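Following: one structure in structure tokens, then a few remarks.
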Amino acid sequence: MNILSTILIGFIALIHLYILWLEMFAWTTRGRKVFKTIPADQFEKTKVMAANQGLYNGFLAAGLLWSLCISDLHWSNYIAVFFLSCVLIAGIYGAMTASKRIFFVQAVPAILGLICCFL
């Protein structure tokens with residue numbers, strides 16, 4: 001895996017760790033400032049659902065970080081491609097169903113990471 005791939009994968013993992021924190025631990029505080037289109041009265045009601053989403057983002061981050069720890073370059077790349085593809089699919093789905101902004105936050109970095117993995 002080249003250095004640019006490694007940097008992008010680390011960056012994407014950090015994005016997903018931030019999303020994990022936001023959705024699992026700061027949904028009713030910081031989440032209100034980030035997700036301005038959600039009515040304020042909905043944050044407490046959706047706290048469990050948001051935590052579940054945050055957990056999934058944590059799994060994506062864990063997979064990406066795992067790919068950076070694998071010493072076999074081929075397997076490291078395979079694992080990175082798998083988890084970057086998962087991030088891409090999640091980003092596309094989120095953009096189609098929730099907010100177009102998700103495409104730029106999740107899908108675009110994943111696309112760039114995938115391109116770097118294939119170079």
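By order of appearance in the structure tokens: chains A, B, ..., then residues from 1 within every chain, and ligands from 1 in the order shown.
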Give me the residues within 12 Å of segment 26-40 of chain A as a PDB file with all heavy atoms, in the first residue's frame, counting only C-alpha atoms and dropping any in the same chain fewer than 3 places off.
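around.pdb written:
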ATOM      1  N   TYR A  18     -14.896   9.994  14.496  1.00  0.00           N
ATOM      2  CA  TYR A  18     -15.607  11.210  14.896  1.00  0.00           C
ATOM      3  C   TYR A  18     -17.116  10.996  14.814  1.00  0.00           C
ATOM      4  O   TYR A  18     -17.860  11.380  15.731  1.00  0.00           O
ATOM      5  CB  TYR A  18     -15.184  12.396  14.022  1.00  0.00           C
ATOM      6  CG  TYR A  18     -16.033  13.616  14.265  1.00  0.00           C
ATOM      7  CD1 TYR A  18     -15.903  14.358  15.436  1.00  0.00           C
ATOM      8  CD2 TYR A  18     -16.993  14.018  13.336  1.00  0.00           C
ATOM      9  CE1 TYR A  18     -16.697  15.476  15.675  1.00  0.00           C
ATOM     10  CE2 TYR A  18     -17.785  15.128  13.564  1.00  0.00           C
ATOM     11  CZ  TYR A  18     -17.639  15.849  14.731  1.00  0.00           C
ATOM     12  OH  TYR A  18     -18.429  16.943  14.966  1.00  0.00           O
ATOM     13  N   ILE A  19     -17.576  10.371  13.737  1.00  0.00           N
ATOM     14  CA  ILE A  19     -19.006  10.102  13.596  1.00  0.00           C
ATOM     15  C   ILE A  19     -19.474   9.172  14.713  1.00  0.00           C
ATOM     16  O   ILE A  19     -20.550   9.370  15.281  1.00  0.00           O
ATOM     17  CB  ILE A  19     -19.326   9.526  12.203  1.00  0.00           C
ATOM     18  CG1 ILE A  19     -19.020  10.561  11.105  1.00  0.00           C
ATOM     19  CG2 ILE A  19     -20.790   9.096  12.115  1.00  0.00           C
ATOM     20  CD1 ILE A  19     -19.059  10.007   9.690  1.00  0.00           C
ATOM     21  N   LEU A  20     -18.666   8.161  15.042  1.00  0.00           N
ATOM     22  CA  LEU A  20     -18.991   7.271  16.158  1.00  0.00           C
ATOM     23  C   LEU A  20     -19.187   8.080  17.431  1.00  0.00           C
ATOM     24  O   LEU A  20     -20.202   7.945  18.118  1.00  0.00           O
ATOM     25  CB  LEU A  20     -17.877   6.242  16.365  1.00  0.00           C
ATOM     26  CG  LEU A  20     -17.993   5.364  17.614  1.00  0.00           C
ATOM     27  CD1 LEU A  20     -17.492   3.970  17.323  1.00  0.00           C
ATOM     28  CD2 LEU A  20     -17.262   5.947  18.796  1.00  0.00           C
ATOM     29  N   TRP A  21     -18.218   8.921  17.753  1.00  0.00           N
ATOM     30  CA  TRP A  21     -18.304   9.737  18.969  1.00  0.00           C
ATOM     31  C   TRP A  21     -19.547  10.627  18.936  1.00  0.00           C
ATOM     32  O   TRP A  21     -20.290  10.713  19.915  1.00  0.00           O
ATOM     33  CB  TRP A  21     -17.045  10.593  19.109  1.00  0.00           C
ATOM     34  CG  TRP A  21     -17.172  11.614  20.194  1.00  0.00           C
ATOM     35  CD1 TRP A  21     -17.036  11.407  21.539  1.00  0.00           C
ATOM     36  CD2 TRP A  21     -17.512  12.992  20.024  1.00  0.00           C
ATOM     37  NE1 TRP A  21     -17.273  12.581  22.221  1.00  0.00           N
ATOM     38  CE2 TRP A  21     -17.560  13.568  21.309  1.00  0.00           C
ATOM     39  CE3 TRP A  21     -17.776  13.789  18.913  1.00  0.00           C
ATOM     40  CZ2 TRP A  21     -17.866  14.908  21.516  1.00  0.00           C
ATOM     41  CZ3 TRP A  21     -18.081  15.127  19.111  1.00  0.00           C
ATOM     42  CH2 TRP A  21     -18.122  15.676  20.403  1.00  0.00           C
ATOM     43  N   LEU A  22     -19.764  11.271  17.807  1.00  0.00           N
ATOM     44  CA  LEU A  22     -20.881  12.197  17.680  1.00  0.00           C
ATOM     45  C   LEU A  22     -22.216  11.486  17.877  1.00  0.00           C
ATOM     46  O   LEU A  22     -23.075  11.951  18.631  1.00  0.00           O
ATOM     47  CB  LEU A  22     -20.829  12.861  16.301  1.00  0.00           C
ATOM     48  CG  LEU A  22     -21.862  13.925  15.999  1.00  0.00           C
ATOM     49  CD1 LEU A  22     -21.668  15.109  16.923  1.00  0.00           C
ATOM     50  CD2 LEU A  22     -21.730  14.362  14.549  1.00  0.00           C
ATOM     51  N   GLU A  23     -22.394  10.355  17.217  1.00  0.00           N
ATOM     52  CA  GLU A  23     -23.678   9.670  17.260  1.00  0.00           C
ATOM     53  C   GLU A  23     -23.877   8.841  18.532  1.00  0.00           C
ATOM     54  O   GLU A  23     -25.011   8.675  18.985  1.00  0.00           O
ATOM     55  CB  GLU A  23     -23.842   8.790  16.022  1.00  0.00           C
ATOM     56  CG  GLU A  23     -23.962   9.608  14.750  1.00  0.00           C
ATOM     57  CD  GLU A  23     -24.066   8.809  13.486  1.00  0.00           C
ATOM     58  OE1 GLU A  23     -23.690   7.616  13.472  1.00  0.00           O
ATOM     59  OE2 GLU A  23     -24.525   9.385  12.482  1.00  0.00           O
ATOM     60  N   PHE A  43     -33.902  14.794  19.131  1.00  0.00           N
ATOM     61  CA  PHE A  43     -32.598  14.244  19.518  1.00  0.00           C
ATOM     62  C   PHE A  43     -32.705  13.244  20.657  1.00  0.00           C
ATOM     63  O   PHE A  43     -32.106  12.172  20.605  1.00  0.00           O
ATOM     64  CB  PHE A  43     -31.598  15.355  19.828  1.00  0.00           C
ATOM     65  CG  PHE A  43     -31.055  15.973  18.583  1.00  0.00           C
ATOM     66  CD1 PHE A  43     -31.657  17.075  18.009  1.00  0.00           C
ATOM     67  CD2 PHE A  43     -29.953  15.421  17.944  1.00  0.00           C
ATOM     68  CE1 PHE A  43     -31.176  17.628  16.838  1.00  0.00           C
ATOM     69  CE2 PHE A  43     -29.461  15.965  16.769  1.00  0.00           C
ATOM     70  CZ  PHE A  43     -30.077  17.072  16.222  1.00  0.00           C
ATOM     71  N   GLU A  44     -33.448  13.576  21.685  1.00  0.00           N
ATOM     72  CA  GLU A  44     -33.596  12.644  22.803  1.00  0.00           C
ATOM     73  C   GLU A  44     -34.344  11.386  22.358  1.00  0.00           C
ATOM     74  O   GLU A  44     -33.987  10.272  22.744  1.00  0.00           O
ATOM     75  CB  GLU A  44     -34.322  13.331  23.965  1.00  0.00           C
ATOM     76  CG  GLU A  44     -34.156  12.635  25.286  1.00  0.00           C
ATOM     77  CD  GLU A  44     -32.707  12.486  25.743  1.00  0.00           C
ATOM     78  OE1 GLU A  44     -31.935  13.456  25.695  1.00  0.00           O
ATOM     79  OE2 GLU A  44     -32.352  11.363  26.148  1.00  0.00           O
ATOM     80  N   LYS A  45     -35.344  11.555  21.501  1.00  0.00           N
ATOM     81  CA  LYS A  45     -36.152  10.428  21.026  1.00  0.00           C
ATOM     82  C   LYS A  45     -35.350   9.477  20.126  1.00  0.00           C
ATOM     83  O   LYS A  45     -35.669   8.299  20.042  1.00  0.00           O
ATOM     84  CB  LYS A  45     -37.368  10.934  20.255  1.00  0.00           C
ATOM     85  CG  LYS A  45     -38.345  11.704  21.089  1.00  0.00           C
ATOM     86  CD  LYS A  45     -39.458  12.263  20.217  1.00  0.00           C
ATOM     87  CE  LYS A  45     -40.370  13.178  21.000  1.00  0.00           C
ATOM     88  NZ  LYS A  45     -41.385  13.816  20.152  1.00  0.00           N
ATOM     89  N   THR A  46     -34.352  10.009  19.449  1.00  0.00           N
ATOM     90  CA  THR A  46     -33.589   9.197  18.483  1.00  0.00           C
ATOM     91  C   THR A  46     -32.198   8.820  19.002  1.00  0.00           C
ATOM     92  O   THR A  46     -31.367   8.339  18.232  1.00  0.00           O
ATOM     93  CB  THR A  46     -33.453   9.955  17.147  1.00  0.00           C
ATOM     94  OG1 THR A  46     -32.796  11.205  17.375  1.00  0.00           O
ATOM     95  CG2 THR A  46     -34.805  10.181  16.499  1.00  0.00           C
ATOM     96  N   LYS A  47     -31.967   9.012  20.279  1.00  0.00           N
ATOM     97  CA  LYS A  47     -30.649   8.771  20.868  1.00  0.00           C
ATOM     98  C   LYS A  47     -30.167   7.329  20.663  1.00  0.00           C
ATOM     99  O   LYS A  47     -29.014   7.093  20.295  1.00  0.00           O
ATOM    100  CB  LYS A  47     -30.701   9.114  22.352  1.00  0.00           C
ATOM    101  CG  LYS A  47     -29.385   9.126  23.047  1.00  0.00           C
ATOM    102  CD  LYS A  47     -29.577   9.602  24.475  1.00  0.00           C
ATOM    103  CE  LYS A  47     -28.254   9.641  25.189  1.00  0.00           C
ATOM    104  NZ  LYS A  47     -28.390  10.149  26.552  1.00  0.00           N
ATOM    105  N   VAL A  48     -31.031   6.359  20.872  1.00  0.00           N
ATOM    106  CA  VAL A  48     -30.656   4.952  20.723  1.00  0.00           C
ATOM    107  C   VAL A  48     -30.376   4.624  19.256  1.00  0.00           C
ATOM    108  O   VAL A  48     -29.405   3.939  18.937  1.00  0.00           O
ATOM    109  CB  VAL A  48     -31.746   4.028  21.305  1.00  0.00           C
ATOM    110  CG1 VAL A  48     -31.447   2.570  21.009  1.00  0.00           C
ATOM    111  CG2 VAL A  48     -31.879   4.251  22.804  1.00  0.00           C
ATOM    112  N   MET A  49     -31.201   5.133  18.359  1.00  0.00           N
ATOM    113  CA  MET A  49     -30.997   4.896  16.935  1.00  0.00           C
ATOM    114  C   MET A  49     -29.669   5.510  16.475  1.00  0.00           C
ATOM    115  O   MET A  49     -28.907   4.873  15.732  1.00  0.00           O
ATOM    116  CB  MET A  49     -32.143   5.498  16.115  1.00  0.00           C
ATOM    117  CG  MET A  49     -31.985   5.271  14.627  1.00  0.00           C
ATOM    118  SD  MET A  49     -32.741   6.539  13.589  1.00  0.00           S
ATOM    119  CE  MET A  49     -31.971   8.021  14.133  1.00  0.00           C
ATOM    120  N   ALA A  50     -29.382   6.709  16.926  1.00  0.00           N
ATOM    121  CA  ALA A  50     -28.132   7.363  16.552  1.00  0.00           C
ATOM    122  C   ALA A  50     -26.931   6.587  17.086  1.00  0.00           C
ATOM    123  O   ALA A  50     -25.923   6.435  16.385  1.00  0.00           O
ATOM    124  CB  ALA A  50     -28.108   8.801  17.066  1.00  0.00           C
ATOM    125  N   ALA A  51     -27.044   6.076  18.304  1.00  0.00           N
ATOM    126  CA  ALA A  51     -25.950   5.281  18.874  1.00  0.00           C
ATOM    127  C   ALA A  51     -25.709   4.018  18.044  1.00  0.00           C
ATOM    128  O   ALA A  51     -24.559   3.618  17.832  1.00  0.00           O
ATOM    129  CB  ALA A  51     -26.265   4.912  20.321  1.00  0.00           C
ATOM    130  N   ASN A  52     -26.769   3.410  17.547  1.00  0.00           N
ATOM    131  CA  ASN A  52     -26.644   2.242  16.690  1.00  0.00           C
ATOM    132  C   ASN A  52     -25.907   2.596  15.399  1.00  0.00           C
ATOM    133  O   ASN A  52     -25.000   1.882  14.967  1.00  0.00           O
ATOM    134  CB  ASN A  52     -28.034   1.684  16.380  1.00  0.00           C
ATOM    135  CG  ASN A  52     -27.975   0.359  15.667  1.00  0.00           C
ATOM    136  OD1 ASN A  52     -27.193  -0.511  16.023  1.00  0.00           O
ATOM    137  ND2 ASN A  52     -28.799   0.206  14.663  1.00  0.00           N
ATOM    138  N   GLN A  53     -26.249   3.725  14.811  1.00  0.00           N
ATOM    139  CA  GLN A  53     -25.555   4.188  13.612  1.00  0.00           C
ATOM    140  C   GLN A  53     -24.089   4.479  13.912  1.00  0.00           C
ATOM    141  O   GLN A  53     -23.211   4.175  13.108  1.00  0.00           O
ATOM    142  CB  GLN A  53     -26.225   5.463  13.068  1.00  0.00           C
ATOM    143  CG  GLN A  53     -27.574   5.236  12.481  1.00  0.00           C
ATOM    144  CD  GLN A  53     -28.239   6.526  12.060  1.00  0.00           C
ATOM    145  OE1 GLN A  53     -29.437   6.561  11.890  1.00  0.00           O
ATOM    146  NE2 GLN A  53     -27.507   7.609  11.893  1.00  0.00           N
ATOM    147  N   GLY A  54     -23.836   5.062  15.062  1.00  0.00           N
ATOM    148  CA  GLY A  54     -22.466   5.355  15.459  1.00  0.00           C
ATOM    149  C   GLY A  54     -21.637   4.093  15.598  1.00  0.00           C
ATOM    150  O   GLY A  54     -20.463   4.050  15.216  1.00  0.00           O
ATOM    151  N   ALA A  98     -30.691  10.762   3.100  1.00  0.00           N
ATOM    152  CA  ALA A  98     -30.653  11.708   4.224  1.00  0.00           C
ATOM    153  C   ALA A  98     -30.201  13.104   3.799  1.00  0.00           C
ATOM    154  O   ALA A  98     -30.939  14.069   3.948  1.00  0.00           O
ATOM    155  CB  ALA A  98     -29.756  11.176   5.331  1.00  0.00           C
ATOM    156  N   SER A  99     -28.983  13.221   3.290  1.00  0.00           N
ATOM    157  CA  SER A  99     -28.435  14.535   2.951  1.00  0.00           C
ATOM    158  C   SER A  99     -27.368  14.388   1.865  1.00  0.00           C
ATOM    159  O   SER A  99     -26.518  13.503   1.942  1.00  0.00           O
ATOM    160  CB  SER A  99     -27.801  15.164   4.200  1.00  0.00           C
ATOM    161  OG  SER A  99     -27.040  16.301   3.862  1.00  0.00           O
ATOM    162  N   ARG A 101     -24.924  16.153   1.476  1.00  0.00           N
ATOM    163  CA  ARG A 101     -23.627  16.453   2.095  1.00  0.00           C
ATOM    164  C   ARG A 101     -22.867  15.172   2.466  1.00  0.00           C
ATOM    165  O   ARG A 101     -21.636  15.143   2.440  1.00  0.00           O
ATOM    166  CB  ARG A 101     -23.864  17.316   3.334  1.00  0.00           C
ATOM    167  CG  ARG A 101     -22.622  17.880   3.924  1.00  0.00           C
ATOM    168  CD  ARG A 101     -22.960  18.845   5.034  1.00  0.00           C
ATOM    169  NE  ARG A 101     -22.063  18.550   6.132  1.00  0.00           N
ATOM    170  CZ  ARG A 101     -22.383  18.519   7.392  1.00  0.00           C
ATOM    171  NH1 ARG A 101     -23.606  18.791   7.765  1.00  0.00           N
ATOM    172  NH2 ARG A 101     -21.497  18.239   8.304  1.00  0.00           N
ATOM    173  N   ILE A 102     -23.594  14.122   2.800  1.00  0.00           N
ATOM    174  CA  ILE A 102     -22.968  12.854   3.177  1.00  0.00           C
ATOM    175  C   ILE A 102     -22.107  12.312   2.036  1.00  0.00           C
ATOM    176  O   ILE A 102     -21.060  11.705   2.277  1.00  0.00           O
ATOM    177  CB  ILE A 102     -24.041  11.825   3.614  1.00  0.00           C
ATOM    178  CG1 ILE A 102     -24.704  12.310   4.899  1.00  0.00           C
ATOM    179  CG2 ILE A 102     -23.445  10.435   3.790  1.00  0.00           C
ATOM    180  CD1 ILE A 102     -25.900  11.494   5.329  1.00  0.00           C
TER     181      ILE A 102
END
Shortest interatomic distance to Tyr78 of chain A - which of A:Tyr93, A:Phe118, A:Phe103, A:Tyr56, counting only C-alpha atoms: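 Of all the options, A:Phe118 lies closest to Tyr78 of chain A.
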Atom pair atom CA of Leu114 of chain A / atom CA of Ser5 of chain A: separation (Å):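 A separation of 8.1 Å between them.
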Per-residue DSSP, chain A, filtered to helix (DSSP H, G or I), as a PyMOL selection string: chain A and resi 3-25+30-34+42-45+47-69+73-97+101-118
Å distance separating atom CA of His74 of chain A from atom CA of Ala90 of chain A, one decimal place: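 Atom-to-atom, atom CA of His74 of chain A and atom CA of Ala90 of chain A are spaced 24.4 Å apart.
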Counting only C-alpha atoms, the option among A:Cys117, A:Ile70, A:Ile12, A:Ile111 closest to Ile89 of chain A: A:Ile111
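Restricting the calculation to only C-alpha atoms, the smallest distance between Gly91 of chain A and any of A:Leu68, A:Ile79, A:Ala110, A:Leu73 is found for A:Ala110.
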Nearest candidate to Leu60 of chain A (options A:Thr97, A:Gln106, A:Ser76, A:Asn2; using only C-alpha atoms):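 Ranked by minimum distance to Leu60 of chain A, first place goes to A:Gln106.
Comparing A:Lys100, A:Gly10, A:Pro109, A:Ile115 by their smallest distance to Ser67 of chain A, the closest is A:Gly10 (using only C-alpha atoms).
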Pick from A:Val108, A:Cys86, A:Ala13, A:Ile92 nearest to Leu64 of chain A, counting only C-alpha atoms: A:Ala13
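Note that the spacing between atom CA of Leu8 of chain A and atom CA of Leu65 of chain A amounts to 11.1 Å.
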